[in-house]
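Student: Input file: final.txt. Contents: compact mmCIF, C-alpha atoms and all ligand atoms.
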# COMPACT_ATOMS: atom_id res chain seq x y z
CA MET X 377 -8.93 11.30 30.61
CA SER X 378 -7.66 9.76 33.83
CA SER X 379 -4.37 7.96 34.21
CA ARG X 380 -6.30 4.84 35.19
CA PRO X 381 -6.42 1.99 32.68
CA ILE X 382 -9.27 2.35 30.17
CA LEU X 383 -11.60 -0.54 29.40
CA LEU X 384 -13.71 -0.31 26.25
CA THR X 385 -16.52 -2.87 26.45
CA HIS X 386 -19.39 -4.36 24.45
CA ALA X 387 -18.42 -2.88 21.08
CA SER X 388 -20.62 -4.23 18.30
CA GLN X 389 -17.41 -4.99 16.48
CA VAL X 390 -13.75 -4.52 17.32
CA LEU X 391 -11.68 -4.59 14.13
CA THR X 392 -8.34 -5.89 15.38
CA LEU X 393 -6.59 -6.26 12.01
CA CYS X 394 -4.30 -8.61 13.91
CA GLY X 395 -1.65 -10.41 11.95
CA PRO X 396 1.97 -10.20 10.91
CA GLU X 397 3.81 -6.87 10.98
CA SER X 398 3.79 -6.70 7.20
CA PRO X 399 1.51 -5.18 4.60
CA ARG X 400 -1.72 -7.02 3.83
CA ARG X 401 -1.99 -8.23 0.23
CA GLY X 402 -4.68 -9.87 -1.90
CA LEU X 403 -7.25 -11.82 0.11
CA GLN X 404 -5.56 -10.82 3.41
CA MET X 405 -6.92 -7.31 2.85
CA GLY X 406 -10.44 -8.59 3.39
CA ASP X 407 -9.70 -10.07 6.84
CA LEU X 408 -10.22 -7.44 9.53
CA GLY X 409 -9.97 -9.83 12.52
CA ILE X 410 -13.43 -8.86 13.77
CA VAL X 411 -14.40 -9.57 17.39
CA PRO X 412 -18.15 -9.22 18.11
CA ASP X 413 -19.07 -7.89 21.59
CA GLY X 414 -15.45 -6.79 21.66
CA ALA X 415 -13.36 -5.14 24.33
CA LEU X 416 -10.02 -3.40 24.64
CA LEU X 417 -7.92 -2.68 27.70
CA LEU X 418 -5.54 0.29 27.48
CA ASP X 419 -2.89 1.47 29.94
CA GLU X 420 -0.06 4.00 29.78
CA GLY X 421 -0.65 4.67 26.11
CA LYS X 422 -0.48 1.03 25.07
CA ILE X 423 -2.93 -1.74 24.29
CA ILE X 424 -2.89 -4.33 27.09
CA ALA X 425 -5.57 -6.78 25.94
CA VAL X 426 -8.03 -7.27 23.09
CA GLY X 427 -10.82 -9.80 22.79
CA THR X 428 -14.41 -10.45 23.78
CA THR X 429 -15.82 -8.40 26.63
CA ASP X 430 -16.06 -11.55 28.77
CA ASP X 431 -12.38 -12.37 28.27
CA VAL X 432 -10.89 -8.89 28.61
CA ALA X 433 -12.99 -8.11 31.71
CA LYS X 434 -11.17 -10.93 33.52
CA HIS X 435 -7.80 -9.15 33.20
CA ASP X 436 -6.41 -7.90 36.54
CA LEU X 437 -6.09 -4.32 35.29
CA SER X 438 -9.75 -4.30 34.22
CA LEU X 439 -10.86 -4.29 37.86
CA HIS X 440 -9.99 -0.64 38.48
CA ALA X 441 -10.16 0.59 34.89
CA GLU X 442 -12.33 3.48 33.69
CA GLU X 443 -14.99 1.73 31.60
CA ILE X 444 -16.36 3.14 28.35
CA ASP X 445 -19.46 1.36 27.11
CA CYS X 446 -19.17 0.90 23.34
CA ARG X 447 -22.57 -0.65 22.60
CA GLY X 448 -23.67 0.34 19.12
CA LYS X 449 -20.12 1.30 18.20
CA VAL X 450 -17.44 -0.04 15.92
CA VAL X 451 -13.91 0.21 17.34
CA LEU X 452 -10.87 0.12 15.06
CA PRO X 453 -7.27 1.32 14.91
CA GLY X 454 -7.05 5.09 14.35
CA PHE X 455 -6.65 5.80 10.64
CA VAL X 456 -3.12 6.26 9.36
CA ASP X 457 -3.25 9.05 6.77
CA SER X 458 0.07 8.41 5.05
CA HIS X 459 0.01 11.27 2.51
CA THR X 460 -0.89 14.89 3.35
CA HIS X 461 0.28 18.41 2.46
CA PRO X 462 -0.89 20.49 5.45
CA VAL X 463 1.63 23.37 5.32
CA PHE X 464 -0.26 26.07 3.42
CA THR X 465 -2.04 29.24 4.43
CA ALA X 466 -5.24 29.55 2.39
CA PRO X 467 -7.72 27.53 0.36
CA ARG X 468 -7.56 28.03 -3.43
CA LEU X 469 -11.14 29.12 -3.98
CA VAL X 470 -10.60 31.12 -7.18
CA ASP X 471 -8.88 28.12 -8.78
CA PHE X 472 -11.83 25.97 -7.67
CA GLU X 473 -14.33 28.24 -9.40
CA LYS X 474 -12.18 28.58 -12.52
CA ARG X 475 -11.77 24.82 -12.87
CA ILE X 476 -15.52 24.33 -12.48
CA ALA X 477 -15.99 26.89 -15.27
CA GLY X 478 -13.67 24.85 -17.49
CA ALA X 479 -10.25 26.50 -17.10
CA SER X 480 -7.27 24.24 -17.67
CA TYR X 481 -4.40 23.77 -15.23
CA GLU X 482 -2.24 25.99 -17.46
CA GLU X 483 -4.87 28.75 -17.61
CA ILE X 484 -5.18 28.73 -13.82
CA ALA X 485 -1.39 28.96 -13.49
CA GLU X 486 -1.20 31.80 -16.05
CA ALA X 487 -3.68 33.78 -13.97
CA GLY X 488 -1.32 33.51 -10.98
CA GLY X 489 -3.26 30.71 -9.30
CA GLY X 490 -2.38 27.07 -8.77
CA ILE X 491 0.57 26.08 -6.64
CA ARG X 492 2.17 29.50 -7.09
CA SER X 493 -0.40 31.13 -4.84
CA SER X 494 0.34 28.57 -2.12
CA ILE X 495 4.09 29.23 -2.54
CA ARG X 496 3.55 32.98 -2.07
CA GLY X 497 1.50 32.33 1.06
CA VAL X 498 4.04 30.01 2.68
CA ARG X 499 7.03 32.21 1.89
CA ALA X 500 5.31 35.22 3.47
CA ALA X 501 4.08 33.37 6.59
CA SER X 502 5.83 33.02 9.92
CA VAL X 503 6.61 29.59 11.34
CA GLU X 504 3.97 30.18 14.03
CA GLN X 505 1.30 30.97 11.44
CA LEU X 506 2.16 27.84 9.49
CA ALA X 507 2.24 25.75 12.67
CA GLU X 508 -1.20 27.02 13.63
CA HIS X 509 -2.59 25.97 10.27
CA VAL X 510 -0.95 22.54 10.51
CA LEU X 511 -2.27 22.02 14.04
CA LYS X 512 -5.81 22.91 12.97
CA ALA X 513 -5.52 20.42 10.11
CA LEU X 514 -4.27 17.70 12.47
CA GLN X 515 -7.12 18.36 14.90
CA GLU X 516 -9.62 18.23 12.07
CA MET X 517 -8.17 14.95 10.80
CA ALA X 518 -8.42 13.52 14.32
CA ALA X 519 -12.07 14.52 14.44
CA TYR X 520 -12.61 12.15 11.50
CA GLY X 521 -10.77 9.24 13.15
CA THR X 522 -7.14 9.78 12.13
CA THR X 523 -4.40 9.33 14.74
CA THR X 524 -1.26 9.14 12.57
CA VAL X 525 -0.44 11.62 9.81
CA GLU X 526 2.39 11.91 7.31
CA ALA X 527 2.91 15.63 6.69
CA LYS X 528 4.91 17.04 3.79
CA SER X 529 6.54 20.39 3.21
CA GLY X 530 6.51 21.48 -0.43
CA TYR X 531 4.95 24.94 -0.79
CA GLY X 532 8.09 26.84 0.19
CA LEU X 533 10.43 25.63 -2.52
CA ASP X 534 13.49 27.48 -1.30
CA LEU X 535 15.81 26.39 1.49
CA GLU X 536 14.51 28.80 4.09
CA SER X 537 10.82 28.20 3.39
CA GLU X 538 11.14 24.41 3.24
CA LEU X 539 12.97 24.39 6.60
CA LYS X 540 10.33 26.76 7.97
CA SER X 541 7.59 24.40 6.77
CA LEU X 542 9.23 21.41 8.46
CA TYR X 543 9.74 23.38 11.69
CA ALA X 544 6.02 24.24 11.54
CA ILE X 545 5.17 20.53 11.24
CA GLN X 546 7.42 19.77 14.20
CA LEU X 547 5.93 22.57 16.27
CA ALA X 548 2.35 21.53 15.52
CA SER X 549 3.08 17.87 16.23
CA GLU X 550 4.35 18.77 19.70
CA SER X 551 0.89 20.19 20.50
CA TRP X 552 -1.00 17.13 19.22
CA SER X 553 -1.31 13.72 20.86
CA GLY X 554 -1.38 11.85 17.56
CA THR X 555 1.75 10.83 15.67
CA VAL X 556 3.22 12.91 12.84
CA VAL X 557 5.79 11.71 10.34
CA ALA X 558 7.49 14.57 8.46
CA THR X 559 8.55 14.45 4.82
CA LEU X 560 10.64 16.92 2.82
CA LEU X 561 8.94 17.61 -0.51
CA GLY X 562 11.34 20.29 -1.75
CA ALA X 563 10.90 18.70 -5.18
CA HIS X 564 7.16 19.37 -5.45
CA VAL X 565 7.42 21.49 -8.60
CA VAL X 566 10.19 23.62 -10.08
CA PRO X 567 9.62 27.04 -8.46
CA PRO X 568 9.00 30.04 -10.75
CA GLU X 569 12.48 31.51 -10.34
CA TYR X 570 14.03 28.29 -11.71
CA ARG X 571 11.46 27.80 -14.47
CA ASP X 572 14.09 27.74 -17.20
CA ASN X 573 16.71 25.89 -15.20
CA ALA X 574 15.23 22.90 -13.43
CA GLU X 575 18.64 21.26 -13.08
CA ALA X 576 19.87 24.15 -10.97
CA TYR X 577 16.86 23.70 -8.67
CA VAL X 578 17.53 19.95 -8.37
CA ASP X 579 21.02 20.96 -7.21
CA VAL X 580 19.46 23.21 -4.54
CA VAL X 581 17.36 20.29 -3.31
CA CYS X 582 20.33 17.90 -3.28
CA GLU X 583 23.10 20.19 -2.10
CA GLN X 584 21.21 22.44 0.32
CA MET X 585 17.81 21.14 1.40
CA ILE X 586 18.50 17.43 1.91
CA PRO X 587 21.75 17.94 3.87
CA ALA X 588 20.14 20.66 6.04
CA VAL X 589 17.07 18.54 6.78
CA ALA X 590 19.16 15.44 7.53
CA GLU X 591 21.47 17.38 9.84
CA ARG X 592 18.57 18.96 11.76
CA LYS X 593 16.58 15.69 11.76
CA LEU X 594 13.54 17.60 10.50
CA ALA X 595 12.14 14.80 8.33
CA ASN X 596 12.19 11.02 8.07
CA TYR X 597 11.39 10.93 4.37
CA VAL X 598 12.20 12.71 1.14
CA ASP X 599 9.46 12.80 -1.49
CA VAL X 600 9.60 13.88 -5.14
CA PHE X 601 6.95 14.65 -7.74
CA CYS X 602 8.08 12.48 -10.65
CA GLU X 603 5.64 13.61 -13.30
CA ARG X 604 5.24 15.54 -16.51
CA GLY X 605 5.45 19.23 -15.60
CA ALA X 606 7.39 18.50 -12.38
CA PHE X 607 10.59 16.40 -12.28
CA THR X 608 11.89 13.88 -14.81
CA LEU X 609 12.72 10.33 -13.83
CA GLU X 610 16.43 11.15 -13.98
CA GLN X 611 16.02 14.23 -11.76
CA SER X 612 13.81 12.26 -9.37
CA MET X 613 16.41 9.50 -9.10
CA GLN X 614 19.11 12.07 -8.39
CA ILE X 615 17.04 13.48 -5.52
CA LEU X 616 16.05 10.11 -4.05
CA GLN X 617 19.59 8.73 -4.25
CA CYS X 618 20.83 11.87 -2.51
CA ALA X 619 18.24 11.28 0.23
CA VAL X 620 19.42 7.70 0.72
CA ALA X 621 23.05 8.89 0.88
CA HIS X 622 22.01 11.23 3.73
CA GLY X 623 20.30 8.45 5.65
CA LEU X 624 16.75 9.52 4.80
CA LYS X 625 14.01 7.21 3.56
CA THR X 626 12.14 7.85 0.33
CA ARG X 627 8.73 7.97 -1.29
CA ALA X 628 7.49 9.47 -4.57
CA HIS X 629 4.44 10.95 -6.29
CA VAL X 630 4.30 9.08 -9.59
CA CYS X 631 1.96 7.87 -12.35
CA GLN X 632 -0.74 10.49 -11.61
CA LEU X 633 -1.01 11.77 -15.18
CA ALA X 634 0.76 9.05 -17.17
CA ALA X 635 2.49 5.72 -16.59
CA ALA X 636 6.16 6.04 -15.68
CA GLU X 637 8.75 3.30 -15.72
CA LEU X 638 8.98 2.21 -12.09
CA GLY X 639 12.01 -0.13 -12.32
CA SER X 640 14.63 2.45 -11.42
CA LEU X 641 12.48 4.06 -8.69
CA LEU X 642 11.99 0.66 -7.04
CA LYS X 643 15.77 0.23 -6.85
CA VAL X 644 15.94 2.86 -4.07
CA HIS X 645 13.28 0.86 -2.14
CA PRO X 646 10.82 3.71 -1.62
CA ALA X 647 8.43 3.17 1.29
CA SER X 648 5.58 4.10 -1.03
CA LEU X 649 4.77 5.19 -4.55
CA ASP X 650 1.75 7.46 -4.41
CA HIS X 651 -1.16 8.22 -6.79
CA MET X 652 -0.51 5.33 -9.23
CA ASP X 653 -3.45 6.22 -11.48
CA PHE X 654 -1.68 4.78 -14.53
CA VAL X 655 0.58 1.77 -13.99
CA ALA X 656 2.02 -0.56 -16.64
CA ASP X 657 1.29 -4.27 -16.18
CA THR X 658 5.00 -5.15 -16.02
CA ASP X 659 5.46 -2.65 -13.20
CA ILE X 660 2.49 -4.10 -11.30
CA ALA X 661 4.31 -7.44 -11.20
CA SER X 662 7.50 -5.77 -9.94
CA LEU X 663 5.55 -3.86 -7.28
CA ALA X 664 3.86 -7.04 -6.08
CA HIS X 665 7.28 -8.53 -5.38
CA SER X 666 8.58 -5.44 -3.57
CA ASP X 667 8.01 -4.02 -0.08
CA THR X 668 6.90 -0.72 -1.59
CA ILE X 669 3.30 0.26 -0.84
CA ALA X 670 1.08 1.69 -3.59
CA THR X 671 -0.70 4.58 -1.88
CA LEU X 672 -3.89 5.52 -3.71
CA LEU X 673 -5.40 8.99 -3.35
CA PRO X 674 -8.88 8.80 -4.90
CA ALA X 675 -10.19 11.95 -3.16
CA ALA X 676 -7.99 13.93 -5.57
CA ASN X 677 -9.59 12.24 -8.58
CA TYR X 678 -13.00 13.01 -7.07
CA PHE X 679 -12.22 16.66 -6.41
CA LEU X 680 -10.76 17.18 -9.89
CA GLY X 681 -13.90 15.62 -11.38
CA LEU X 682 -11.94 12.91 -13.18
CA ASP X 683 -13.50 9.81 -14.69
CA HIS X 684 -10.33 7.82 -14.24
CA PHE X 685 -9.37 6.37 -10.85
CA PRO X 686 -6.35 4.30 -9.77
CA PRO X 687 -6.72 0.61 -10.74
CA ALA X 688 -7.15 -0.65 -7.17
CA ARG X 689 -8.72 -3.99 -8.11
CA LYS X 690 -5.94 -4.89 -10.50
CA LEU X 691 -3.29 -3.88 -7.99
CA ILE X 692 -4.87 -5.85 -5.12
CA GLU X 693 -5.54 -8.93 -7.23
CA SER X 694 -1.93 -8.83 -8.45
CA GLY X 695 -0.63 -8.89 -4.87
CA VAL X 696 0.43 -5.24 -4.58
CA ALA X 697 0.14 -3.84 -1.04
CA VAL X 698 -2.31 -0.94 -1.34
CA ALA X 699 -2.78 1.94 1.12
CA LEU X 700 -5.30 4.79 1.06
CA ALA X 701 -4.67 8.40 2.11
CA THR X 702 -6.41 11.76 1.80
CA ASP X 703 -3.71 13.73 -0.09
CA TYR X 704 -5.02 16.66 2.01
CA ASN X 705 -3.89 19.77 0.09
CA PRO X 706 -5.38 23.09 -1.07
CA GLY X 707 -5.21 22.43 -4.82
CA THR X 708 -6.53 18.96 -5.51
CA SER X 709 -7.82 17.33 -2.32
CA PRO X 710 -9.06 19.64 0.43
CA THR X 711 -10.44 16.94 2.74
CA PRO X 712 -9.25 15.78 6.16
CA SER X 713 -11.64 12.81 6.11
CA MET X 714 -10.40 9.26 5.77
CA GLN X 715 -14.06 8.21 6.03
CA PHE X 716 -14.71 10.03 2.76
CA VAL X 717 -11.68 8.31 1.22
CA LEU X 718 -13.16 4.93 2.21
CA SER X 719 -16.39 5.88 0.45
CA VAL X 720 -14.65 6.94 -2.78
CA ALA X 721 -12.37 3.89 -2.69
CA CYS X 722 -15.42 1.62 -2.57
CA THR X 723 -17.69 3.43 -5.00
CA HIS X 724 -15.10 4.48 -7.61
CA MET X 725 -12.27 1.94 -7.27
CA LYS X 726 -14.45 -1.06 -6.31
CA MET X 727 -12.51 -1.88 -3.18
CA SER X 728 -14.56 -3.75 -0.60
CA PRO X 729 -15.20 -1.88 2.67
CA ALA X 730 -12.87 -4.36 4.43
CA GLU X 731 -10.07 -3.81 1.90
CA ALA X 732 -10.47 -0.05 2.23
CA ILE X 733 -10.18 -0.20 6.03
CA ALA X 734 -7.06 -2.40 5.85
CA ALA X 735 -5.58 0.07 3.35
CA ALA X 736 -6.38 2.99 5.67
CA THR X 737 -4.90 1.40 8.81
CA ILE X 738 -2.28 -1.37 8.76
CA ASN X 739 -1.10 -0.75 5.19
CA GLY X 740 -0.87 2.99 5.86
CA ALA X 741 1.24 2.16 8.92
CA CYS X 742 3.49 0.00 6.74
CA ALA X 743 3.86 2.91 4.30
CA LEU X 744 5.32 4.93 7.19
CA GLY X 745 7.43 2.11 8.66
CA LEU X 746 5.24 2.18 11.80
CA GLN X 747 3.67 -1.29 11.55
CA ALA X 748 5.28 -2.43 14.82
CA ARG X 749 3.35 0.29 16.71
CA LYS X 750 0.34 1.31 14.61
CA GLY X 751 -2.36 0.05 12.28
CA SER X 752 -3.80 -2.86 14.29
CA LEU X 753 -5.24 -3.47 17.76
CA GLU X 754 -2.86 -5.91 19.41
CA PRO X 755 -1.26 -6.05 22.87
CA GLY X 756 1.89 -3.92 23.01
CA LYS X 757 0.87 -1.57 20.21
CA ASP X 758 0.09 2.11 20.72
CA ALA X 759 -3.38 2.84 22.10
CA ASP X 760 -4.53 4.70 18.96
CA ILE X 761 -8.23 3.97 18.67
CA ALA X 762 -11.12 5.32 16.61
CA ILE X 763 -14.67 4.69 17.79
CA PHE X 764 -17.56 5.18 15.37
CA THR X 765 -21.32 5.14 15.83
CA ALA X 766 -22.17 2.07 13.77
CA GLU X 767 -23.22 -1.52 14.32
CA ASP X 768 -21.25 -2.79 11.33
CA TYR X 769 -17.88 -1.68 9.96
CA ARG X 770 -19.28 -1.44 6.42
CA GLU X 771 -21.26 1.61 7.53
CA LEU X 772 -18.00 3.59 7.65
CA ALA X 773 -17.78 3.44 3.86
CA TYR X 774 -21.53 3.35 3.24
CA TRP X 775 -22.64 6.62 4.84
CA PHE X 776 -20.92 9.51 3.10
CA GLY X 777 -20.82 13.23 3.68
CA VAL X 778 -21.33 12.58 7.39
CA ASN X 779 -18.98 11.93 10.26
CA ARG X 780 -19.80 8.76 12.21
CA TRP X 781 -17.03 9.66 14.65
CA GLU X 782 -17.76 9.09 18.32
CA ARG X 783 -14.42 9.27 20.11
CA VAL X 784 -10.74 9.17 19.15
CA ILE X 785 -7.92 8.07 21.43
CA ALA X 786 -4.26 8.62 20.56
CA ALA X 787 -1.51 7.16 22.76
CA GLY X 788 -4.20 6.54 25.36
CA GLN X 789 -5.34 10.19 25.40
CA ASP X 790 -8.86 11.16 24.36
CA ILE X 791 -8.31 13.75 21.62
CA SER X 792 -11.94 13.95 20.57
CA LYS X 793 -12.41 17.37 22.11
CA ALA X 794 -8.93 18.76 21.79
CA PRO X 795 -8.67 22.41 22.83
CA ASP X 796 -8.45 24.81 19.93
CA VAL X 797 -4.84 25.81 20.37
CA SER X 798 -4.17 29.20 18.90
CA CYS X 799 -0.98 30.70 17.57
CA SER X 800 -0.28 32.39 20.89
CA ALA X 801 -0.03 29.02 22.60
CA LEU X 802 2.61 27.83 20.18
CA SER X 803 6.20 28.68 20.87
CA ALA X 804 8.59 29.03 17.98
CA GLU X 805 11.65 27.92 19.92
CA VAL X 806 12.93 25.86 17.06
ZN ZN D 901 0.45 14.65 -2.78
Can you present the structure in this file as structure tokens?
Ligand SMILES: [Zn+2]
Tutor:
Amino acid sequence: MSSRPILLTHASQVLTLCGPESPRRGLQMGDLGIVPDGALLLDEGKIIAVGTTDDVAKHDLSLHAEEIDCRGKVVLPGFVDSHTHPVFTAPRLVDFEKRIAGASYEEIAEAGGGIRSSIRGVRAASVEQLAEHVLKALQEMAAYGTTTVEAKSGYGLDLESELKSLYAIQLASESWSGTVVATLLGAHVVPPEYRDNAEAYVDVVCEQMIPAVAERKLANYVDVFCERGAFTLEQSMQILQCAVAHGLKTRAHVCQLAAAELGSLLKVHPASLDHMDFVADTDIASLAHSDTIATLLPAANYFLGLDHFPPARKLIESGVAVALATDYNPGTSPTPSMQFVLSVACTHMKMSPAEAIAAATINGACALGLQARKGSLEPGKDADIAIFTAEDYRELAYWFGVNRWERVIAAGQDISKAPDVSCSALSAEV
């Protein structure tokens, strides 16, 4: 794409999501700030003007801009996928078949599958191999309309492999025009070698991983899996408080299998609490009065064939700020598609299409602390734009199993047809 300004014109709808730089709650989630026959003017990676085609065309910069006709298209902020696990080497196809045939999580783990197979793969891989996989995942996400991705480590589970995973995220992000936010998930599960001594592994996370990651500035966030079979609330608090002490921000996987008491977690002001399939009513009230985003991951419930989904309606109607993300990972949610997440959010959690889009854009940006730059189409914000073939935004959630993607722009660059960068093009000078 040229370095000239870009003028998008005559879009059926431009979804501006304009408003305060704060998460949308309750009825606000249904207001997408739609401009019919909309236009956008972009220059030097930023949004210059938004409005009707008539109005934006009058801007001085529009005179010599490269024009893209968006008739029959819906234009919206690029999706912000605020929860992904892209650092792994192989899909878990045997586990998939076994679970379909009725095997339990424990039976899959006993047979050497589950997260252990991903751990083996990451520990054996080079940083370049991991970076290549992450870059392919980022490119695939972009091809479904995503321009900002939170990427977690968490399949290395020793100091060296967690650092390697975060270097791979950094390396891949340097070859991608979208924005990547890295998260240390050293506390994903207790690795096999610490099976009988979880406390000792928590010490590794707190005394080795978090200080090393903070010192090397390899991640903005520390995440923890606070769940039965992973880390207790006390262990999770120890890890999150250690992160805060090292100047890192926090988030947590919680309430996926059973309700946990959220009061103490909220005291460390996590940016988000993710999954939230089972939440106590008293905690919903506390969440509604906090800045913490509830990030719902319904593609995982879909893939696991669960009947139960996160209580999105109750959360939204109680004033909790809700975001949506893919949870892209090889075990429970192998999808790069935020469009699919919109579909599942509407059909299985009864979110309206407008609420789902707000959750996948501005509220996702808030979950990553990027609301001043991302998540809405307003002058001064980053030119991260997704363009879909549709007359009406509701089609994004309505059609499923297809990609309505037309063009994706990140920081003013068209990344729709990004070159397939191979390992050889990546340099491991990290
Ligand atoms: Zn996750």
Student: As a quick test: using all atoms listed in the file, which residues lie no more than 9 Å away from ligand ZN 901 (chain D)? Give them as a ChimeraX atom specification.
Tutor: /X:459-461,528,564,601,628-629,650-651,673,676,702-705,708-709
Student: Need to verify the contact set: region 423-429 of chain X, 12 Å, all atoms listed in the file, exclusion of same-chain residues closer than 6 positions in sequence. Can you return it as a PyMOL selection string?
Tutor: chain X and resi 381-394+409-417+435-438+441+443-447+451-453+749-750+752-761+785-788
Student: With all atoms listed in the file as the counted atoms, please give the residues lying no more than 10 Å from Ala635 (chain X), apart from itself and same-chain residues fewer than 6 positions off, as a ChimeraX atom specification.
Tutor: /X:603,652-656,659
Student: Residues of region 514-622 of chain X that have any atom at most 12 Å from an atom of region 718-737 of chain X: could you tabulate them with the shortest-distance atom pair and the distance in Å to one decimal, using only C-alpha atoms, ordered by chain and increasing number, as a Markdown table?
Tutor:
| residue | atom | partner | partner_atom | distance |
| --- | --- | --- | --- | --- |
| X:Tyr520 | CA | X:Leu718 | CA | 11.8 |
| X:Gly521 | CA | X:Ala736 | CA | 10.7 |
| X:Thr522 | CA | X:Thr737 | CA | 9.3 |
| X:Thr523 | CA | X:Thr737 | CA | 9.9 |
| X:Thr524 | CA | X:Thr737 | CA | 9.3 |
| X:Val525 | CA | X:Thr737 | CA | 11.2 |
Student: Would you mind listing what lies within 8 Å of Asp471 (chain X) as a VMD selection string, with all atoms listed in the file counted and same-chain residues fewer than 2 positions away left out?
Tutor: chain X and resid 468 to 469 473 to 475 484 489 to 490 707
Student: Closest to Lys422 (chain X) among X:Gln747, X:Gln611, X:Gln584, X:Gln789, using all atoms listed in the file?
Tutor: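 Smallest separation from Lys422 (chain X) among the options: X:Gln789.
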Student: Record the distance separating CA of Gln505 (chain X) and CA of Ser551 (chain X), expressed in Å with one decimal.
Tutor: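 Result for CA of Gln505 (chain X) versus CA of Ser551 (chain X): 14.1 Å, one decimal.
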Student: Hey, can I get the axis-aligned box for region 535-546 of chain X? All listed atoms, 3 Å padding on each side, centre and edge lengths in Å to one decimal, as lines of an AutoDock Vina configuration file.
Tutor:
center_x = 10.5
center_y = 24.3
center_z = 7.8
size_x = 16.6
size_y = 15.0
size_z = 18.7
Student: Separation of CA of Trp781 (chain X) and CA of Phe764 (chain X), in Å?
Tutor: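 These atoms are spaced 4.6 Å apart.
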Student: Figure out the distance between CA of Asp790 (chain X) and CA of Leu418 (chain X), please, to one decimal in Å.
Tutor: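 For CA of Leu418 (chain X) relative to CA of Asp790 (chain X), the distance reads 11.8 Å.
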Student: Between X:Ala563, X:Ile615, X:Ala741, X:Leu547, single out the one closest to Ala647 (chain X), counting all atoms listed in the file.
Tutor: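 Selected residue with least distance to Ala647 (chain X): X:Ala741.
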Student: Looking at X:Gly402, X:Ala466, X:Gly532, X:Ala606, which one is nearest to Ala688 (chain X), with distances taken over all atoms listed in the file?
Tutor: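 Checking each of X:Gly402, X:Ala466, X:Gly532, X:Ala606 against Ala688 (chain X), counting all atoms listed in the file, the winner is X:Gly402.
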Student: With distances taken over all atoms listed in the file, which residue among X:Gln614, X:Ser694, X:Asn739, X:Thr711 lies nearest Pro467 (chain X)?
Tutor: X:Thr711
Student: Of the candidates X:Leu744, X:Pro396, X:Ala487, X:Val470, which shows the shortest atom-to-atom distance to Thr559 (chain X), using only C-alpha atoms?
Tutor: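 Smallest separation from Thr559 (chain X) among the options: X:Leu744.
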Student: For Gly554 (chain X), which of X:Phe455, X:Tyr769, X:Phe679, X:Tyr774 is the closest residue, counting all atoms listed in the file?
Tutor: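 The shortest atom-to-atom distance to Gly554 (chain X) comes from X:Phe455.
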Student: With only C-alpha atoms as the counted atoms, please give the residues lying no more than 8 Å from Glu538 (chain X), apart from itself and same-chain residues fewer than 4 positions off, as a ChimeraX atom specification.
Tutor: /X:529-534,542,560,562,585
